[in-house]
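**Q** A single structure is presented below for examination.
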Amino acid sequence: MSLEEMYREVILDHYRNPRNRDPLDHVDATAEGNNPLCGDEVTIEVGLDGDTVQAISVRGQGCSISQASASMMSKAVLGKTEKEIAEITDTFKKMMGVIETDDVVVDEERPGATLGDLEALQGVRKFPVRIKCADLAWTTLEEALNP
Amino acid sequence: MSLEEMYREVILDHYRNPRNRDPLDHVDATAEGNNPLCGDEVTIEVGLDGDTVQAISVRGQGCSISQASASMMSKAVLGKTEKEIAEITDTFKKMMGVIETDDVVVDEERPGATLGDLEALQGVRKFPVRIKCADLAWTTLEEALNP
Amino acid sequence: MTDWAAIRADFPILSREMNGYPLAYLDSAATSQKPQAVLDAITDFYSTTNANVHRGAYSLADEATRMYEDARSTVARFIGAQSDEIVFTRGATSAFNTVAYGWALRHLTEDDRILLTIMEHHANIVPWQLVADLTGCSIEFVSITDTGRLDLDDFHHLLDEDVKLVGASMASNVLGTINPIAEIADAAHQVGALVIADAAQAVPHMSVNVYDTGADWICFSGHKMLGPTGIGVLWGRPEILDEMEPAEGGGEMITDVRLDGSTWAAVPHKFEAGTPPFAQAVGLKAAIDYLEAVGMDEVERREQELTEYALKSMAGVEGLTVYGPATAQDRVGAISFSLNDIHPHDLATILDQRGVAIRAGHHCARPLARSLNVPATARASLYLYNQESDIDALIGALAEAKELFSVA
Amino acid sequence: MTDWAAIRADFPILSREMNGYPLAYLDSAATSQKPQAVLDAITDFYSTTNANVHRGAYSLADEATRMYEDARSTVARFIGAQSDEIVFTRGATSAFNTVAYGWALRHLTEDDRILLTIMEHHANIVPWQLVADLTGCSIEFVSITDTGRLDLDDFHHLLDEDVKLVGASMASNVLGTINPIAEIADAAHQVGALVIADAAQAVPHMSVNVYDTGADWICFSGHKMLGPTGIGVLWGRPEILDEMEPAEGGGEMITDVRLDGSTWAAVPHKFEAGTPPFAQAVGLKAAIDYLEAVGMDEVERREQELTEYALKSMAGVEGLTVYGPATAQDRVGAISFSLNDIHPHDLATILDQRGVAIRAGHHCARPLARSLNVPATARASLYLYNQESDIDALIGALAEAKELFSVA
Ligand SMILES: Cc1ncc(COP(=O)(O)O)c(C=O)c1O
Ligand SMILES: Cc1ncc(COP(=O)(O)O)c(C=O)c1O
């Protein structure tokens, strides 16, 4: 298990320079999530155009993994339809081992290949205690979109 | 440790034919005692003439040791002054090991020699769990006389 | 075929001598003995994995948390429940009090009634008396028949819409009687009452599925089922646990604590204030693993066999009266009795001198003792590690007791 | 001279490796590790003497009862109290709740106030919030100074005749601060308030005499002082315990149970409903025997030495902030800190990879975290079995963490 695999440069960048933090003027869907064990918090606001996420705001506090995951997620889902987002979420959760899978679509070697930046979170999988941190934003987004 | 030493004939006699059970018409002092651990109960009523116990009633329910001790006690203290009773009580409690002593007055071999029938309770001393049973009536009498 | 002699050999204390005789431990209804596997599980946990649960971001704490939660899943599976319906408490008594403060105190009023059976253990009486004292609700008791069974006519007679809670033991620790809990629960639900079942003498001795009982809450203790002291279980229907308030406040049961109030964690954590008995949970899991390896059906069958043997042997003792059902059917192996006019404490002392450990007293069920009109009884109670020779030792010692008391 | 290396060797878990490194256990404020002597005492008890206490008229039960009561006397002597002032509970949290339900619920009204310090653990906050909810009384918090000490001016300012209860920790589990409990108690008594002291971080680490504290109740946990989980202690002044109502109802805490109400056993049994954690009491006694063999003064001295070493080493780490007193004087070895912008959970994970176990979070003291304006801190906490090398491992791993986080 290598710490370097978890604390990749791109993760620390998102932690220190989180994207899409500005509150939205018009909110169509929102949810708050927290991880009572470690205190991580995330608040998500979504602006919809039909079923496309045309604006998103992700704010919170917590460890680098939870905050970076939230920031990267906001980038990944912006402009996507709810169906596309469900697919990304599914792929992400499979990569993290949150959803068990023997789905051949996922590349064994690089199960996050379709996720771009988010693939950097793969290293977290080796730290079971921290998987919930990475997952928090995603579960919260699901709640916002399917209240 | 011999059971026969504890369950002497005189004890079983007092258990089955308890003395001085009739309620008194005139009660000068009274107390109730119970042993919450095993449920033994004793109620004592005393009629006084000056500081002499001229009447006593001892009622209760419980094991043979508690009830026999109460019955024998009622015989032993009837007609005695409070001072004499205090002495008998002291001797009894020393015999039972309830009061520690290296008092030479007590005959090492027969510490209860001055107690008559009550001496039969000596065998209880070897059964620590049951000493409280033997002691119950005496402690209750003390409470009745020194409320 | 289970090798019962091998099972007995798993319990270190049972090879002990007592007053010069082999120990015949016949007080398992008070507390059970522990197999080596349970002792090892506890020692191993403290020696390799001990860390406070749900608190640490380090591996040791994570391991400890997994083991604690794994114990919860084991308990859940054992009684046919889901993990998040299992609340770990200090013991059965604490489980009752959790419902008393978390539900009854906040739901009952002067107009409401609680219906209990007269054979309840104090653990399923006194908490409700405390609640009655604070809320003004009243309590009534269902009586029993001459054969030591619950008087169902009386139950149906006393049950009406004012009854908001019915408390009944699944098996009596004094009479051994197994109560028809599903029938009781059915009737109670029909008038809108909830049902709390005392499973302290049931879960250790038979296969229990909480949903089959029909009860809304079930309480039992770890120490009576081969597990350590200091842990018990409250099971509750999820929707009821959900709306209950916590009884105790403290760490780990909150989502947030603010100066002007707090918000509660999800069930079951809401009910587990402070550091839980996590090492005891690990021990309880080992106890359940042990029981499951034997098989609960097999445990029940063996205990019935022993109970039958005991009842038959006791029937042969002149002057002996058994309180409770006289046959092994629909009863567990807690057998209360008296012998002539020999007081139960005298009996216990005499038996003890022959290595036979039985209990004497009101067995924390004074209302029952009063209704039977016996202030105290002797009780022999059985578990899977007992054998016929324990019962033979009991019968032999009873004969000696009669001898001793025949003098006068 | 105490042989601290030999002491460390008494704790089996401390020879464990963690992620390829020697385990540096720095989370004793959450729970302590156990010496072999404590594990042996528990195993021996179950293997030779296990029987339910206060219940049996047979020798085994008598032995078990004596050991349980002997544990009570040991605890009493350890804190300068009498045996019948010692109530065994599930833990410190349960002890607070016993006072909340047994005293506060029945004594406080809308007009009354409870005064707590802002550095209290949730265990000394949430029970009072539950009481406030039921009684309408209000709660106020005394703030702290910039150096992490209790603001005594604020305390005296907030204290008036409406205050009926003052709750204060003897030592903070976050800041390490030792509070002047005798001075607090004195002032509280002058306005007629009673005082409950949280001794969970005090009794394990220093010699405590309950009467010297001036408090009316004191609460602590066995598992933080080398003992097993599942047991804690409530000490109270006898005249106060006497007039308190029991919190929990059940067996063993009654003198009689009648259909229309019950009467309570004498203190301390009144507060010990049901089967108590008797095996855990035996373990706690072994823990106290162990601590007394080392000597509490010696334990305190050693911990001060280690705390000083830790504070000095941490002062050398650039970017590190310590919350709480910066010197070892009037503080215990619970040291909360942060490092640059590295979140405490990241820190804990990184340290864990080097075998260093520290805690990260709000440490069950969210009001304090809010007042410090840090949602989470890292915390290293020390006990007698730690050694300088544990602190060196911490410092080394902190440097690595900075390295890792310096990339961006
Ligand atoms: C200061 C303080 N008070 C109370 C507690 C609560 O103790 P427990 O969780 O053992 O009940 C703790 C420990 O968590 C503590 O550190
Ligand atoms: C039927 C029954 N209910 C409740 C209890 C209480 O269990 P505990 O003392 O472990 O809390 C007991 C055991 O004493 C029991 O036999």
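Letters A, B, ... go to the chains of the structure tokens in the order shown; residues in each chain start at 1; ligands are counted from 1 in the same order.
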Taking only C-alpha atoms into account, find every residue of chain B that has an atom no more than 6 Å from chain C, and write it out as number ranges by chain.

**A** B: 9, 38, 63

**Q** List as a ChimeraX atom specification the protein and nucleic acid residues lying within 9 Å of ligand 2, with only C-alpha atoms and all ligand atoms counted.

**A** /C:29-31,90-96,119-124,169-174,198-202,219-224,229-232,363-365 /D:52,250-252,273-276

**Q** Suppose we keep C-alpha atoms; can you now write the selection as a PDB file, in the first residue's frame?

**A**
ATOM      1  CA  ALA C  29     -30.614 -19.709  34.385  1.00  0.00           C
ATOM      2  CA  ALA C  30     -28.748 -17.247  36.627  1.00  0.00           C
ATOM      3  CA  THR C  31     -25.641 -17.257  34.471  1.00  0.00           C
ATOM      4  CA  ARG C  90     -25.270  -3.822  29.324  1.00  0.00           C
ATOM      5  CA  GLY C  91     -27.669  -6.741  29.624  1.00  0.00           C
ATOM      6  CA  ALA C  92     -31.316  -7.700  29.319  1.00  0.00           C
ATOM      7  CA  THR C  93     -32.224  -5.382  32.190  1.00  0.00           C
ATOM      8  CA  SER C  94     -30.670  -2.422  30.420  1.00  0.00           C
ATOM      9  CA  ALA C  95     -32.517  -3.354  27.252  1.00  0.00           C
ATOM     10  CA  PHE C  96     -35.861  -3.098  29.054  1.00  0.00           C
ATOM     11  CA  MET C 119     -44.485 -14.616  35.944  1.00  0.00           C
ATOM     12  CA  GLU C 120     -42.272 -11.754  34.722  1.00  0.00           C
ATOM     13  CA  HIS C 121     -38.765 -11.277  36.011  1.00  0.00           C
ATOM     14  CA  HIS C 122     -38.222  -7.978  37.871  1.00  0.00           C
ATOM     15  CA  ALA C 123     -36.406  -6.774  34.755  1.00  0.00           C
ATOM     16  CA  ASN C 124     -39.746  -6.735  32.942  1.00  0.00           C
ATOM     17  CA  SER C 169     -41.481 -13.570  28.903  1.00  0.00           C
ATOM     18  CA  MET C 170     -40.925 -16.106  26.162  1.00  0.00           C
ATOM     19  CA  ALA C 171     -39.785 -18.561  28.824  1.00  0.00           C
ATOM     20  CA  SER C 172     -40.098 -18.152  32.578  1.00  0.00           C
ATOM     21  CA  ASN C 173     -36.903 -18.314  34.629  1.00  0.00           C
ATOM     22  CA  VAL C 174     -38.867 -19.791  37.546  1.00  0.00           C
ATOM     23  CA  ASP C 198     -38.302 -11.153  27.570  1.00  0.00           C
ATOM     24  CA  ALA C 199     -36.125 -13.596  25.683  1.00  0.00           C
ATOM     25  CA  ALA C 200     -33.460 -13.947  28.404  1.00  0.00           C
ATOM     26  CA  GLN C 201     -34.407 -17.587  28.961  1.00  0.00           C
ATOM     27  CA  ALA C 202     -35.383 -18.272  25.358  1.00  0.00           C
ATOM     28  CA  CYS C 219     -34.409  -8.395  25.221  1.00  0.00           C
ATOM     29  CA  PHE C 220     -31.749 -10.888  26.269  1.00  0.00           C
ATOM     30  CA  SER C 221     -28.352 -11.156  27.958  1.00  0.00           C
ATOM     31  CA  GLY C 222     -25.031 -12.454  26.683  1.00  0.00           C
ATOM     32  CA  HIS C 223     -23.933 -14.001  29.975  1.00  0.00           C
ATOM     33  CA  LYS C 224     -26.785 -16.510  29.955  1.00  0.00           C
ATOM     34  CA  THR C 229     -21.113 -10.509  31.435  1.00  0.00           C
ATOM     35  CA  GLY C 230     -21.582  -6.853  30.600  1.00  0.00           C
ATOM     36  CA  ILE C 231     -23.424  -7.252  27.313  1.00  0.00           C
ATOM     37  CA  GLY C 232     -27.019  -7.726  26.296  1.00  0.00           C
ATOM     38  CA  HIS C 363     -35.454 -15.679  41.527  1.00  0.00           C
ATOM     39  CA  CYS C 364     -36.140 -11.990  40.890  1.00  0.00           C
ATOM     40  CA  ALA C 365     -39.823 -12.759  40.461  1.00  0.00           C
TER      41      ALA C 365
ATOM     42  CA  ASN D  52     -23.993 -14.870  39.309  1.00  0.00           C
ATOM     43  CA  GLY D 250     -34.739  -4.612  37.470  1.00  0.00           C
ATOM     44  CA  GLY D 251     -33.460  -7.430  39.612  1.00  0.00           C
ATOM     45  CA  GLU D 252     -31.038  -6.979  42.513  1.00  0.00           C
ATOM     46  CA  ALA D 273     -30.201  -3.186  38.242  1.00  0.00           C
ATOM     47  CA  GLY D 274     -29.814  -6.681  36.850  1.00  0.00           C
ATOM     48  CA  THR D 275     -26.718  -8.767  36.534  1.00  0.00           C
ATOM     49  CA  PRO D 276     -23.791  -6.391  36.976  1.00  0.00           C
TER      50      PRO D 276
END

**Q** With only C-alpha atoms as the atoms that count, which of C:Glu248, C:Asp160, C:Asp3, C:Asp84 lies nearest to chain D?

**A**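 Closest residue, counting only C-alpha atoms: C:Glu248.
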
**Q** Set the distance at 9 Å and use only C-alpha atoms: which residues neighbour Ile86 of chain D once local chain neighbours fewer than 2 positions away are removed? I'd like the list as an NGL selection string.

**A** :D and (72-73 or 75-76 or 81-84 or 88 or 233-236 or 267-268)

**Q** Quick one: residues within 9 Å of His14 of chain B, only C-alpha atoms, excluding same-chain residues fewer than 6 positions away - as a PDB file with C-alpha atoms, in the first residue's frame?

**A**
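Saved the output as out30.pdb:
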ATOM      1  CA  SER B  64     -34.093 -22.940  59.480  1.00  0.00           C
ATOM      2  CA  GLN B  67     -35.904 -18.827  62.228  1.00  0.00           C
ATOM      3  CA  ALA B  68     -34.262 -21.073  64.810  1.00  0.00           C
ATOM      4  CA  SER B  69     -31.862 -18.332  65.787  1.00  0.00           C
ATOM      5  CA  ALA B  70     -34.807 -15.967  66.265  1.00  0.00           C
ATOM      6  CA  SER B  71     -36.699 -18.481  68.344  1.00  0.00           C
ATOM      7  CA  MET B  72     -33.721 -19.337  70.523  1.00  0.00           C
TER       8      MET B  72
END

**Q** Neighbours of Lys93 of chain A within 10 Å (only C-alpha atoms; same-chain residues fewer than 4 positions away dropped), as a ChimeraX atom specification?

**A** /A:87-89,97-101,112,131,134-135,138-139

**Q** Enumerate as number ranges by chain all residues of chain B assigned to alpha helix (DSSP H) by DSSP on the backbone, naming them with the chain letters and numbers the document uses.

**A** B: 3-6, 9-16, 64-77, 82-96, 128-145

**Q** Using DSSP on the backbone, list every residue of segment 2-144 of chain B that comes out as strand (DSSP E or B), and give them as a ChimeraX atom specification.

**A** /B:29-35,40-49,52-61,81

**Q** Report the distance between atom CA of Leu382 of chain D and atom CA of Leu26 of chain D in Å, rounded to one decimal place.

**A** 5.7 Å

**Q** State, in Å with one decimal place, the distance from atom CA of Arg16 of chain A to atom CA of Gly62 of chain A.

**A** 11.7 Å

**Q** With a distance cut-off of 6 Å and only C-alpha atoms, select the neighbouring residues of segment 115-125 of chain A, excluding the residue or stretch itself and same-chain residues fewer than 5 positions from it, and output the selection as a PyMOL selection string.

**A** chain A and resi 5-6+96

**Q** With only C-alpha atoms as the basis for distance, which of D:Asp133, D:Asp162, D:Asp10, D:Asp330 is at the shortest distance from Asp260 of chain C?

**A**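 Nearest to Asp260 of chain C: D:Asp133.
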
**Q** Please determine, counting only C-alpha atoms and all ligand atoms, which residue among D:Met314, D:Thr147, D:Val131, D:Thr98 has the shortest atom-to-atom distance to ligand 1.

**A**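 Answer, going by the shortest atom-to-atom distance: D:Thr98.
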